[in-house]
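File shown here: upload.csv, holding CSV, C-alpha atoms.
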```csv
chain,number,residue,atom,x,y,z
K,1,MET,CA,-27.6,-20.1,11.2
K,2,ASN,CA,-24.9,-22.0,9.3
K,3,VAL,CA,-21.5,-20.4,10.1
K,4,ALA,CA,-18.4,-21.2,8.1
K,5,PRO,CA,-15.3,-20.4,10.2
K,6,GLY,CA,-12.4,-19.7,7.9
K,7,ALA,CA,-10.2,-17.2,6.0
K,8,ILE,CA,-12.1,-14.8,3.7
K,9,ALA,CA,-10.0,-13.2,1.0
K,10,PHE,CA,-10.9,-10.6,-1.6
K,11,THR,CA,-8.9,-9.9,-4.7
K,12,ASP,CA,-9.1,-6.9,-6.9
K,13,VAL,CA,-7.4,-6.0,-10.2
K,14,VAL,CA,-5.9,-2.5,-9.8
K,15,GLY,CA,-6.3,-0.1,-12.7
K,16,PHE,CA,-8.8,-2.4,-14.4
K,17,THR,CA,-11.1,0.4,-15.4
K,18,GLU,CA,-8.2,2.3,-17.0
K,19,PHE,CA,-7.0,-0.9,-18.7
K,20,THR,CA,-10.4,-1.6,-20.1
K,21,ALA,CA,-10.8,1.9,-21.4
K,22,GLU,CA,-7.4,1.7,-23.0
K,23,ARG,CA,-7.5,-1.7,-24.5
K,24,GLY,CA,-11.1,-2.6,-24.9
K,25,ASP,CA,-13.5,-5.2,-23.7
K,26,ALA,CA,-11.9,-8.2,-25.5
K,27,ASP,CA,-8.5,-7.7,-23.7
K,28,ALA,CA,-10.3,-7.1,-20.4
K,29,LEU,CA,-12.2,-10.3,-20.8
K,30,ALA,CA,-9.0,-12.2,-21.7
K,31,ALA,CA,-7.3,-10.8,-18.6
K,32,LEU,CA,-10.2,-11.9,-16.3
K,33,ASP,CA,-10.3,-15.4,-17.9
K,34,LEU,CA,-6.6,-15.7,-17.3
K,35,GLN,CA,-7.1,-14.7,-13.6
K,36,ASP,CA,-9.9,-17.1,-13.2
K,37,GLN,CA,-7.8,-20.0,-14.6
K,38,ILE,CA,-4.8,-19.2,-12.4
K,39,VAL,CA,-7.0,-18.9,-9.3
K,40,ARG,CA,-8.8,-22.1,-9.9
K,41,ASP,CA,-5.6,-24.0,-10.7
K,42,THR,CA,-4.0,-22.7,-7.4
K,43,LEU,CA,-6.8,-23.2,-4.9
K,44,PRO,CA,-6.2,-26.2,-2.7
K,45,PRO,CA,-8.9,-28.8,-1.9
K,46,GLY,CA,-11.4,-27.4,0.6
K,47,ALA,CA,-11.0,-23.8,-0.6
K,48,ARG,CA,-13.4,-22.2,-3.0
K,49,VAL,CA,-14.3,-19.2,-5.1
K,50,VAL,CA,-17.4,-17.9,-3.2
K,51,LYS,CA,-18.3,-15.4,-6.0
K,52,GLU,CA,-17.0,-13.1,-8.7
K,53,LEU,CA,-17.3,-9.4,-8.2
K,54,GLY,CA,-16.5,-7.6,-11.5
K,55,ASP,CA,-12.7,-7.9,-11.8
K,56,GLY,CA,-12.4,-9.2,-8.2
K,57,LEU,CA,-13.1,-12.5,-6.5
K,58,MET,CA,-14.2,-13.5,-3.0
K,59,LEU,CA,-12.4,-16.7,-1.8
K,60,TRP,CA,-12.9,-18.9,1.3
K,61,PHE,CA,-10.3,-21.2,2.9
K,62,PRO,CA,-10.9,-23.6,5.8
K,63,ASP,CA,-7.6,-22.7,7.5
K,64,ALA,CA,-5.5,-19.6,7.7
K,65,ALA,CA,-2.0,-21.0,6.9
K,66,THR,CA,-3.3,-22.5,3.7
K,67,ALA,CA,-5.0,-19.3,2.8
K,68,LEU,CA,-1.9,-17.3,3.4
K,69,ARG,CA,0.3,-19.6,1.4
K,70,THR,CA,-2.1,-19.9,-1.5
K,71,CYS,CA,-2.6,-16.1,-1.8
K,72,LEU,CA,1.1,-15.5,-1.8
K,73,ASP,CA,1.5,-18.2,-4.5
K,74,LEU,CA,-1.3,-16.5,-6.4
K,75,HIS,CA,0.5,-13.3,-6.4
K,76,HIS,CA,3.6,-15.0,-7.7
K,77,ARG,CA,1.7,-16.8,-10.5
K,78,LEU,CA,-0.3,-13.7,-11.5
K,79,GLU,CA,2.9,-11.7,-11.6
K,80,GLU,CA,4.5,-14.3,-13.8
K,81,ALA,CA,1.5,-14.4,-16.1
K,82,ALA,CA,1.1,-10.7,-16.4
K,83,SER,CA,1.6,-9.5,-20.0
K,84,ASP,CA,0.8,-6.6,-22.2
K,85,THR,CA,-2.6,-8.0,-22.9
K,86,ALA,CA,-3.2,-9.1,-19.3
K,87,PRO,CA,-1.4,-6.8,-16.8
K,88,LEU,CA,-2.7,-8.5,-13.7
K,89,TRP,CA,-2.0,-6.0,-11.0
K,90,VAL,CA,-3.9,-7.8,-8.3
K,91,ARG,CA,-4.2,-6.8,-4.7
K,92,MET,CA,-5.6,-9.0,-1.9
K,93,GLY,CA,-7.1,-8.6,1.5
K,94,MET,CA,-7.7,-11.4,4.0
K,95,HIS,CA,-9.5,-11.8,7.3
K,96,TRP,CA,-10.2,-14.7,9.6
K,97,GLY,CA,-13.7,-15.0,11.0
K,98,CYS,CA,-17.0,-16.8,11.2
K,99,PRO,CA,-19.1,-15.7,8.2
K,100,THR,CA,-22.7,-17.0,7.8
K,101,ALA,CA,-23.6,-19.1,4.8
K,102,ARG,CA,-26.5,-18.0,2.7
K,103,GLY,CA,-26.8,-20.6,0.0
K,104,ASP,CA,-23.3,-20.7,-1.7
K,105,ASP,CA,-22.7,-17.1,-0.6
K,106,LEU,CA,-21.1,-15.9,2.7
K,107,ILE,CA,-22.3,-12.8,4.5
K,108,GLY,CA,-21.6,-11.0,7.8
K,109,ASN,CA,-19.4,-8.6,9.5
K,110,ASP,CA,-16.2,-10.6,8.9
K,111,VAL,CA,-16.9,-10.6,5.2
K,112,ASN,CA,-17.5,-6.9,5.2
K,113,LEU,CA,-14.2,-6.4,7.0
K,114,ALA,CA,-12.3,-8.6,4.6
K,115,ALA,CA,-13.7,-6.5,1.7
K,116,ARG,CA,-12.5,-3.3,3.4
K,117,ILE,CA,-9.0,-4.7,3.9
K,118,VAL,CA,-8.4,-5.1,0.2
K,119,ASP,CA,-9.1,-1.4,-0.3
K,120,MET,CA,-6.0,-0.6,1.7
K,121,ALA,CA,-3.7,-2.8,-0.4
K,122,GLY,CA,-1.5,-1.7,-3.3
K,123,PRO,CA,-1.0,-3.7,-6.5
K,124,GLY,CA,0.9,-7.0,-5.7
K,125,GLU,CA,0.2,-6.8,-2.0
K,126,LEU,CA,-1.5,-9.1,0.4
K,127,LEU,CA,-2.8,-7.4,3.6
K,128,VAL,CA,-4.1,-9.6,6.4
K,129,SER,CA,-5.9,-8.8,9.6
K,130,GLU,CA,-4.4,-9.5,13.0
K,131,HIS,CA,-6.9,-12.3,13.3
K,132,VAL,CA,-5.3,-14.1,10.4
K,133,ARG,CA,-1.8,-13.6,11.8
K,134,ALA,CA,-3.0,-15.0,15.2
K,135,GLN,CA,-4.3,-18.1,13.5
K,136,ILE,CA,-0.9,-18.9,12.0
K,137,THR,CA,1.1,-20.6,14.8
K,138,SER,CA,3.5,-22.4,12.6
K,139,GLY,CA,5.0,-22.1,9.2
K,140,ARG,CA,5.6,-18.4,9.6
K,141,GLU,CA,9.3,-18.8,8.9
K,142,ASP,CA,9.2,-17.9,5.3
K,143,VAL,CA,6.5,-15.2,5.6
K,144,ARG,CA,7.3,-11.6,6.6
K,145,PHE,CA,4.6,-9.7,8.4
K,146,GLU,CA,5.0,-5.9,8.4
K,147,GLU,CA,2.6,-4.1,10.7
K,148,LEU,CA,0.6,-1.3,9.2
K,149,GLY,CA,-0.9,-0.5,12.6
K,150,PRO,CA,-4.5,-0.2,13.7
K,151,VAL,CA,-6.4,0.9,10.7
K,152,VAL,CA,-9.7,2.7,10.8
K,153,MET,CA,-12.0,1.4,8.1
K,154,LYS,CA,-15.4,2.8,6.9
K,155,GLY,CA,-18.3,1.0,8.6
K,156,ILE,CA,-16.1,-1.0,10.9
K,157,PRO,CA,-16.6,0.1,14.5
K,158,GLU,CA,-13.1,-0.5,15.9
K,159,PRO,CA,-9.7,-0.1,14.3
K,160,VAL,CA,-8.2,-3.3,13.0
K,161,GLY,CA,-4.6,-4.3,13.1
K,162,LEU,CA,-3.3,-5.0,9.6
K,163,PHE,CA,-0.2,-6.6,8.4
K,164,ARG,CA,1.5,-6.7,5.0
K,165,ALA,CA,2.4,-10.3,4.3
K,166,SER,CA,5.1,-11.2,1.9
K,167,ARG,CA,7.6,-14.0,1.2
K,168,ASP,CA,10.9,-13.4,2.8
T,1,MET,CA,-7.6,26.6,27.2
T,2,THR,CA,-7.3,22.8,27.7
T,3,PRO,CA,-4.1,21.9,29.6
T,4,HIS,CA,-1.6,19.8,27.7
T,5,LYS,CA,-1.2,16.2,28.7
T,6,SER,CA,2.4,15.0,29.0
T,7,ILE,CA,4.1,11.7,29.9
T,8,PRO,CA,7.8,10.8,29.7
T,9,ALA,CA,8.5,9.0,26.5
T,10,PRO,CA,9.4,5.3,27.3
T,11,PRO,CA,12.7,4.4,25.5
T,12,GLY,CA,12.1,3.0,22.1
T,13,ALA,CA,8.3,3.2,22.5
T,14,VAL,CA,6.1,3.4,19.4
T,15,LEU,CA,3.6,6.3,19.3
T,16,ARG,CA,0.2,5.1,18.1
T,17,VAL,CA,-2.4,7.6,17.2
T,18,THR,CA,-5.9,6.5,16.2
T,19,SER,CA,-9.0,8.4,15.4
T,20,ARG,CA,-12.2,7.8,13.5
T,21,SER,CA,-12.3,11.2,11.7
T,22,ALA,CA,-9.7,13.6,13.1
T,23,ARG,CA,-7.1,15.6,11.5
T,24,VAL,CA,-3.9,14.3,13.0
T,25,THR,CA,-0.6,16.2,13.5
T,26,VAL,CA,2.5,14.6,15.0
T,27,THR,CA,5.7,16.6,15.4
T,28,GLY,CA,9.1,15.0,16.2
T,29,GLU,CA,11.4,17.5,17.9
T,30,ASP,CA,14.1,17.9,20.5
T,31,ARG,CA,12.3,16.8,23.7
T,32,SER,CA,12.1,13.8,26.0
T,33,ASP,CA,8.3,13.6,26.7
T,34,ILE,CA,5.2,13.0,24.7
T,35,VAL,CA,2.8,15.9,24.8
T,36,VAL,CA,-0.8,15.8,23.6
T,37,GLU,CA,-1.9,19.3,22.8
T,38,LYS,CA,-5.2,18.1,21.4
T,39,GLY,CA,-6.7,14.6,22.0
T,40,ASP,CA,-7.3,12.2,24.8
T,41,GLU,CA,-4.9,11.4,27.6
T,42,PRO,CA,-2.0,9.3,26.4
T,43,ALA,CA,-1.8,5.8,27.7
T,44,VAL,CA,1.2,3.5,27.9
T,45,GLY,CA,0.3,0.0,26.7
T,46,PRO,CA,2.2,-3.1,25.7
T,47,ASP,CA,2.5,-1.8,22.1
T,48,GLY,CA,3.7,1.7,23.0
T,49,VAL,CA,2.1,5.0,23.8
T,50,GLU,CA,-1.5,5.2,22.6
T,51,VAL,CA,-3.3,8.5,21.8
T,52,LYS,CA,-6.9,8.7,20.7
T,53,GLY,CA,-9.1,11.6,19.8
T,54,SER,CA,-11.7,13.0,17.6
T,55,GLY,CA,-12.0,16.3,15.7
T,56,ARG,CA,-8.4,17.2,16.1
T,57,VAL,CA,-5.3,15.4,17.4
T,58,LYS,CA,-2.0,17.1,18.0
T,59,VAL,CA,1.0,15.3,19.5
T,60,ARG,CA,4.6,16.3,20.1
T,61,CYS,CA,7.2,13.6,20.7
T,62,PRO,CA,11.0,13.1,20.7
T,63,ALA,CA,12.7,13.4,17.4
T,64,GLY,CA,13.2,9.9,15.8
T,65,THR,CA,10.2,8.4,17.4
T,66,ASP,CA,8.5,5.6,15.5
T,67,VAL,CA,4.9,6.4,14.8
T,68,VAL,CA,1.8,4.6,13.7
T,69,VAL,CA,-1.2,6.8,12.7
T,70,GLY,CA,-4.6,5.5,11.7
T,71,THR,CA,-7.6,7.7,10.9
T,72,GLY,CA,-10.8,7.1,9.1
T,73,SER,CA,-11.2,10.3,7.1
T,74,GLY,CA,-8.8,13.0,8.3
T,75,ASN,CA,-5.7,14.6,7.0
T,76,VAL,CA,-2.4,13.5,8.5
T,77,GLU,CA,0.7,15.7,9.0
T,78,LEU,CA,4.0,14.5,10.3
T,79,HIS,CA,6.3,17.3,11.1
T,80,GLY,CA,9.9,17.5,12.2
T,81,ARG,CA,12.0,14.4,12.3
T,82,LEU,CA,10.5,11.0,13.0
T,83,GLY,CA,11.6,7.4,12.8
T,84,ASP,CA,9.7,4.6,11.0
T,85,ALA,CA,6.2,5.9,10.2
T,86,ARG,CA,3.1,4.0,9.1
T,87,VAL,CA,0.1,6.1,8.2
T,88,THR,CA,-3.3,5.0,7.0
T,89,THR,CA,-6.3,7.3,6.3
T,90,GLY,CA,-9.5,6.5,4.5
T,91,SER,CA,-9.8,9.7,2.6
T,92,GLY,CA,-7.4,12.4,3.7
T,93,THR,CA,-4.2,13.9,2.5
T,94,ILE,CA,-0.9,12.8,4.0
T,95,GLU,CA,2.1,15.2,4.4
T,96,VAL,CA,5.4,14.1,5.8
T,97,GLU,CA,8.5,16.2,6.5
T,98,GLU,CA,11.3,13.8,7.4
T,99,VAL,CA,11.2,10.2,8.4
T,100,ARG,CA,13.5,7.2,8.3
T,101,ALA,CA,11.1,4.8,6.6
T,102,LEU,CA,7.5,5.2,5.6
T,103,ASP,CA,4.4,3.2,4.7
T,104,ALA,CA,1.6,5.7,3.9
T,105,ARG,CA,-1.8,4.8,2.4
T,106,THR,CA,-4.9,6.9,1.6
T,107,GLY,CA,-8.0,6.1,-0.2
T,108,SER,CA,-8.5,9.4,-2.0
T,109,GLY,CA,-6.0,12.0,-0.9
T,110,ASP,CA,-2.7,13.3,-2.1
T,111,VAL,CA,0.5,12.1,-0.4
T,112,GLU,CA,3.5,14.5,-0.1
T,113,VAL,CA,6.8,13.4,1.4
T,114,ASP,CA,9.8,15.8,1.7
T,115,GLU,CA,12.4,13.3,2.9
T,116,CYS,CA,12.5,9.6,3.6
T,117,THR,CA,16.0,8.2,4.1
T,118,GLU,CA,15.1,4.5,3.7
T,119,ARG,CA,12.2,2.7,2.0
T,120,CYS,CA,9.3,4.8,1.1
T,121,ARG,CA,6.1,3.0,0.3
T,122,LEU,CA,3.1,5.1,-0.7
T,123,LYS,CA,-0.3,4.3,-2.1
T,124,THR,CA,-3.3,6.4,-3.0
T,125,GLU,CA,-6.4,5.5,-5.1
T,126,SER,CA,-7.1,8.8,-6.6
T,127,GLY,CA,-4.7,11.3,-5.4
T,128,THR,CA,-1.2,12.4,-6.5
T,129,VAL,CA,2.1,11.4,-5.0
T,130,ARG,CA,5.0,13.7,-4.5
T,131,VAL,CA,8.4,12.7,-3.0
T,132,GLY,CA,11.4,15.0,-2.5
T,133,ARG,CA,14.2,12.6,-1.5
T,134,ALA,CA,13.9,8.9,-0.7
T,135,GLY,CA,15.8,5.7,-0.7
T,136,GLU,CA,13.9,2.9,-2.4
T,137,ALA,CA,10.4,4.1,-3.4
T,138,ASP,CA,7.4,1.9,-3.9
T,139,LEU,CA,4.7,4.1,-5.3
T,140,ALA,CA,1.2,3.2,-6.5
T,141,THR,CA,-1.7,5.4,-7.6
T,142,GLY,CA,-5.0,4.5,-9.2
T,143,SER,CA,-5.5,7.7,-11.2
T,144,GLY,CA,-3.1,10.3,-10.0
T,145,SER,CA,0.3,11.5,-11.1
T,146,VAL,CA,3.6,10.6,-9.5
T,147,GLU,CA,6.5,13.0,-8.9
T,148,ALA,CA,9.7,11.8,-7.2
T,149,GLU,CA,12.6,14.3,-7.3
T,150,LEU,CA,15.5,12.1,-6.2
T,151,VAL,CA,15.3,8.4,-5.2
T,152,SER,CA,17.8,5.6,-5.2
T,153,GLY,CA,15.4,3.2,-6.9
T,154,ALA,CA,11.7,2.9,-7.6
T,155,ARG,CA,8.8,0.6,-8.3
T,156,ILE,CA,5.8,2.6,-9.6
T,157,LYS,CA,2.4,1.5,-10.8
T,158,THR,CA,-0.2,3.9,-11.9
T,159,GLY,CA,-3.5,3.4,-13.7
T,160,SER,CA,-3.6,6.8,-15.3
T,161,GLY,CA,-1.3,9.7,-14.5
T,162,SER,CA,2.1,11.0,-15.5
T,163,VAL,CA,5.3,9.9,-13.8
T,164,GLU,CA,8.3,12.2,-13.3
T,165,LEU,CA,11.2,10.5,-11.5
T,166,GLY,CA,14.7,11.6,-10.7
T,167,LEU,CA,17.2,8.8,-10.1
T,168,ALA,CA,20.0,9.7,-7.7
T,169,GLU,CA,22.4,7.0,-8.7
T,170,ALA,CA,22.6,3.7,-10.5
T,171,GLY,CA,19.6,1.7,-9.3
T,172,GLY,CA,16.6,-0.3,-10.3
T,173,VAL,CA,13.6,1.4,-11.7
T,174,ASP,CA,10.4,-0.4,-12.7
T,175,VAL,CA,7.5,1.7,-13.9
T,176,LYS,CA,4.2,0.4,-15.2
T,177,ALA,CA,1.3,2.6,-16.3
T,178,HIS,CA,-1.8,2.0,-18.3
T,179,SER,CA,-1.8,5.5,-19.6
T,180,GLY,CA,0.3,8.6,-19.0
T,181,SER,CA,3.7,10.0,-19.9
T,182,VAL,CA,6.9,8.8,-18.0
T,183,THR,CA,10.0,10.9,-17.7
T,184,ILE,CA,13.0,9.7,-15.8
T,185,SER,CA,16.1,11.9,-15.2
T,186,VAL,CA,19.4,10.3,-14.4
T,187,PRO,CA,22.8,11.6,-13.4
T,188,PRO,CA,25.1,12.7,-16.2
T,189,GLY,CA,27.1,9.9,-17.7
T,190,LEU,CA,25.0,7.1,-16.2
T,191,ARG,CA,24.7,4.1,-18.6
T,192,PRO,CA,21.8,2.0,-17.4
T,193,ALA,CA,20.3,-1.1,-19.0
T,194,THR,CA,16.9,-0.1,-20.3
T,195,SER,CA,13.7,-1.7,-21.4
T,196,LEU,CA,11.3,1.0,-22.5
T,197,ARG,CA,8.0,0.0,-24.1
T,198,SER,CA,5.0,2.1,-25.0
T,199,GLY,CA,1.9,0.8,-26.7
T,200,SER,CA,1.3,4.1,-28.4
T,201,GLY,CA,3.7,6.9,-27.6
T,202,LYS,CA,7.2,8.2,-28.4
T,203,VAL,CA,10.1,6.5,-26.6
T,204,ARG,CA,13.4,8.5,-26.1
T,205,CYS,CA,16.5,7.6,-24.2
T,206,ASP,CA,19.4,10.0,-24.0
T,207,CYS,CA,21.7,7.6,-22.2
T,208,ASP,CA,24.1,5.1,-23.7
T,209,GLU,CA,23.2,1.5,-22.9
T,210,GLY,CA,25.3,-0.1,-20.1
T,211,ASP,CA,25.0,-1.9,-16.8
T,212,ASP,CA,24.6,1.0,-14.3
T,213,GLY,CA,21.4,-0.3,-12.9
T,214,GLU,CA,18.3,-1.1,-14.9
T,215,ILE,CA,15.4,1.0,-16.0
T,216,ARG,CA,12.3,-0.8,-17.1
T,217,VAL,CA,9.2,1.1,-18.2
T,218,LYS,CA,6.0,-0.3,-19.7
T,219,VAL,CA,3.2,2.1,-20.7
T,220,GLY,CA,-0.1,1.3,-22.4
T,221,SER,CA,-0.4,4.7,-24.0
T,222,GLY,CA,2.0,7.6,-23.4
T,223,SER,CA,5.5,8.8,-24.1
T,224,ILE,CA,8.6,7.6,-22.3
T,225,ALA,CA,11.7,9.7,-21.9
T,226,VAL,CA,14.9,8.9,-20.1
T,227,VAL,CA,17.0,12.1,-19.9
T,228,GLU,CA,20.3,13.2,-18.3
T,229,ARG,CA,20.0,15.9,-15.7
```
structure tokens encoding of this file:
Amino acid sequence: MNVAPGAIAFTDVVGFTEFTAERGDADALAALDLQDQIVRDTLPPGARVVKELGDGLMLWFPDAATALRTCLDLHHRLEEAASDTAPLWVRMGMHWGCPTARGDDLIGNDVNLAARIVDMAGPGELLVSEHVRAQITSGREDVRFEELGPVVMKGIPEPVGLFRASRD
Amino acid sequence: MTPHKSIPAPPGAVLRVTSRSARVTVTGEDRSDIVVEKGDEPAVGPDGVEVKGSGRVKVRCPAGTDVVVGTGSGNVELHGRLGDARVTTGSGTIEVEEVRALDARTGSGDVEVDECTERCRLKTESGTVRVGRAGEADLATGSGSVEAELVSGARIKTGSGSVELGLAEAGGVDVKAHSGSVTISVPPGLRPATSLRSGSGKVRCDCDEGDDGEIRVKVGSGSIAVVER
């Protein structure tokens, strides 16, 4: 088994279904293209887009501090780029773990957990598991972690401590 | 009848209630102990007092206690007066009577808050949000309406659903909606800076332009109205 320890992040565009219904497929496509471009421009060396999931993305980073910093930067850039034709209300969820590689894909319980975390986030938010926070031993000074508490998530056996991460 | 389980409330302790699928009720009232009327034995840990249970959990605690509630699929009710509250439920409704600050999230239920004196952050995927009085409100719904009677400021994002907001004083308001009407009522005589944009809907503002706070609304389709109370 080929494990790939790292931070797994999922992104999701909030309200994308409503936006597509309202504005049509062409605007929806333009919004996704813009998101793709911003994400690929922002990802640091070593990190990668694992796969696209409709309006969302699955990302992988080799270390948690870089992942956290990059996702917060992404929020900032997506917010700046948001416009009438591309209202990028993106939310993100992140977990640190040891997913298993399956070709270019990653699978496993840690991936499933990261996917559940994003469901709890609101537009413009980054939520991270306690495992991500524990990995970040330095460079926390400019990041604020607000505890949401132990969160019970569908299909995940034990409650997981979640934090809302934001720039101070 | 199952006897109640009680422990003295450690000073400043956070009450943490978790359950996979229980309906959870926490009541903050004039008392000095934590009483579990329904649920497992309370345990004092490094992070506070922990209560777990399944089916039904009912806890009473001192007024002003900070609480953290996490349940997978049950409704959550916070009664009486509590401190900082954080609530997550996968698919239940959340009802809150009076808290100092609040972060409440549900996947597919309604959220109702009577009073939150400081920041009030609420999120639901497909339910409605209703707030009585709050400080700064940060509200997000996927496809439900938002109603906030009196807040000092607000950031609201909704996919589809109407927004009715009452502004208590000069403050910042930022509303974004893909579709749905937006109505904001302001105190008489308030002269806010405004930026009101609708892709396809009427825009009306009864206030004179000024610098008493800023109201920004952007709607894909739907009317916008800023009116004096």
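Among T:Val129, T:Asp110, T:Glu29, T:Val49, the residue with the shortest atom-to-atom distance to Gly80 in chain T, counting only C-alpha atoms, is T:Glu29.
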Per-residue nearest contacts chain T to chain K, cut-off 7 Å, using only C-alpha atoms, as a tab-separated table:
```
residue	atom	partner	partner_atom	distance
T:Arg20	CA	K:Val152	CA	6.3
T:Val68	CA	K:Gly149	CA	5.9
T:Gly70	CA	K:Val151	CA	5.0
T:Thr71	CA	K:Val152	CA	5.4
T:Gly72	CA	K:Val152	CA	4.8
T:Arg86	CA	K:Leu148	CA	5.9
T:Thr88	CA	K:Val151	CA	6.3
T:Gly90	CA	K:Met153	CA	6.7
T:Arg105	CA	K:Met120	CA	6.9
T:Lys123	CA	K:Gly122	CA	6.2
T:Ala140	CA	K:Gly122	CA	6.4
T:Gly142	CA	K:Gly15	CA	5.9
T:Gly159	CA	K:Gly15	CA	4.6
T:Ser160	CA	K:Glu18	CA	6.7
T:His178	CA	K:Phe19	CA	6.0
```
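For the choices T:Ser223, T:Pro188, T:Asp84, T:Lys218, the atom-to-atom distance to Asp206 in chain T is smallest for T:Pro188 when using only C-alpha atoms.
Residues in contact with Gly172 in chain T at up to 12 Å, not including ones fewer than 3 positions away on its chain and judged by only C-alpha atoms, are Gly135, Glu136, Ala137, Asp138, Val151, Ser152, Gly153, Ala154, Arg155, Ile156, Leu167, Ala168, Glu169, Val175, Ile184, Val186, Pro192, Ala193, Thr194, Ser195, Asp211, Asp212, Gly213, Glu214, Ile215, Arg216 and Val217 of chain T.
Comparing the minimum interatomic distances between Ala134 in chain T and each of T:Glu50, T:Lys157, T:Arg56, T:Arg100, counting only C-alpha atoms, we find that T:Arg100 sits nearest.
The interatomic distance for the pair CA of Asp47 in chain T and CA of Gly28 in chain T works out to 19.0 Å.
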Counting all atoms listed in the file, the residue of T:Val36, T:Val14, T:Leu82, T:Val76 that sits nearest Gly48 in chain T: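 That would be T:Val14, the residue with the smallest distance to Gly48 in chain T.
Using all atoms listed in the file, the residues found no farther than 10 Å from Gln35 in chain K, other than those of its own chain fewer than 2 positions away, are Val13, Leu29, Ala30, Ala31, Leu32, Asp33, Gln37, Ile38, Val39, Arg40, Asp41, Asp55, Gly56, Leu57, Leu74, Arg77, Leu78, Ala81, Ala82, Ala86, Leu88 and Val90 of chain K.
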Dump of C-alpha atoms for the selected residues, as a PDB file, in the frame of the given file:
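As written to disk, part_12.pdb reads:
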```
ATOM      1  CA  VAL K  13      -7.400  -6.000 -10.200  1.00  0.00           C
ATOM      2  CA  LEU K  29     -12.200 -10.300 -20.800  1.00  0.00           C
ATOM      3  CA  ALA K  30      -9.000 -12.200 -21.700  1.00  0.00           C
ATOM      4  CA  ALA K  31      -7.300 -10.800 -18.600  1.00  0.00           C
ATOM      5  CA  LEU K  32     -10.200 -11.900 -16.300  1.00  0.00           C
ATOM      6  CA  ASP K  33     -10.300 -15.400 -17.900  1.00  0.00           C
ATOM      7  CA  GLN K  37      -7.800 -20.000 -14.600  1.00  0.00           C
ATOM      8  CA  ILE K  38      -4.800 -19.200 -12.400  1.00  0.00           C
ATOM      9  CA  VAL K  39      -7.000 -18.900  -9.300  1.00  0.00           C
ATOM     10  CA  ARG K  40      -8.800 -22.100  -9.900  1.00  0.00           C
ATOM     11  CA  ASP K  41      -5.600 -24.000 -10.700  1.00  0.00           C
ATOM     12  CA  ASP K  55     -12.700  -7.900 -11.800  1.00  0.00           C
ATOM     13  CA  GLY K  56     -12.400  -9.200  -8.200  1.00  0.00           C
ATOM     14  CA  LEU K  57     -13.100 -12.500  -6.500  1.00  0.00           C
ATOM     15  CA  LEU K  74      -1.300 -16.500  -6.400  1.00  0.00           C
ATOM     16  CA  ARG K  77       1.700 -16.800 -10.500  1.00  0.00           C
ATOM     17  CA  LEU K  78      -0.300 -13.700 -11.500  1.00  0.00           C
ATOM     18  CA  ALA K  81       1.500 -14.400 -16.100  1.00  0.00           C
ATOM     19  CA  ALA K  82       1.100 -10.700 -16.400  1.00  0.00           C
ATOM     20  CA  ALA K  86      -3.200  -9.100 -19.300  1.00  0.00           C
ATOM     21  CA  LEU K  88      -2.700  -8.500 -13.700  1.00  0.00           C
ATOM     22  CA  VAL K  90      -3.900  -7.800  -8.300  1.00  0.00           C
TER      23      VAL K  90
END
```
For Gly46 in chain K, the nearest of the candidates K:Asp27, K:Leu72, K:Ala7, K:Asp12, counting all atoms listed in the file: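 Result for the nearest residue to Gly46 in chain K: K:Ala7.
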Å distance separating CA of Gly97 in chain K from CA of Val118 in chain K, one decimal place: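 Distance between the two atoms: 15.6 Å.
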Expected answer as a PyMOL selection string: all residues with atoms within 7 Å of (-18.3, -16.1, 10.8), only C-alpha atoms: chain K and resi 3-5+97-100+108+110
Point-to-point distance from CA of Arg116 in chain K to CA of Phe10 in chain K, Å rounded to tenths: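 Calculated distance between CA of Arg116 in chain K and CA of Phe10 in chain K is 9.0 Å.
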Among the residues T:Arg121, T:Lys5, T:Arg60, T:Arg229, the one that comes closest to Gly166 in chain T [using all atoms listed in the file]: T:Arg229
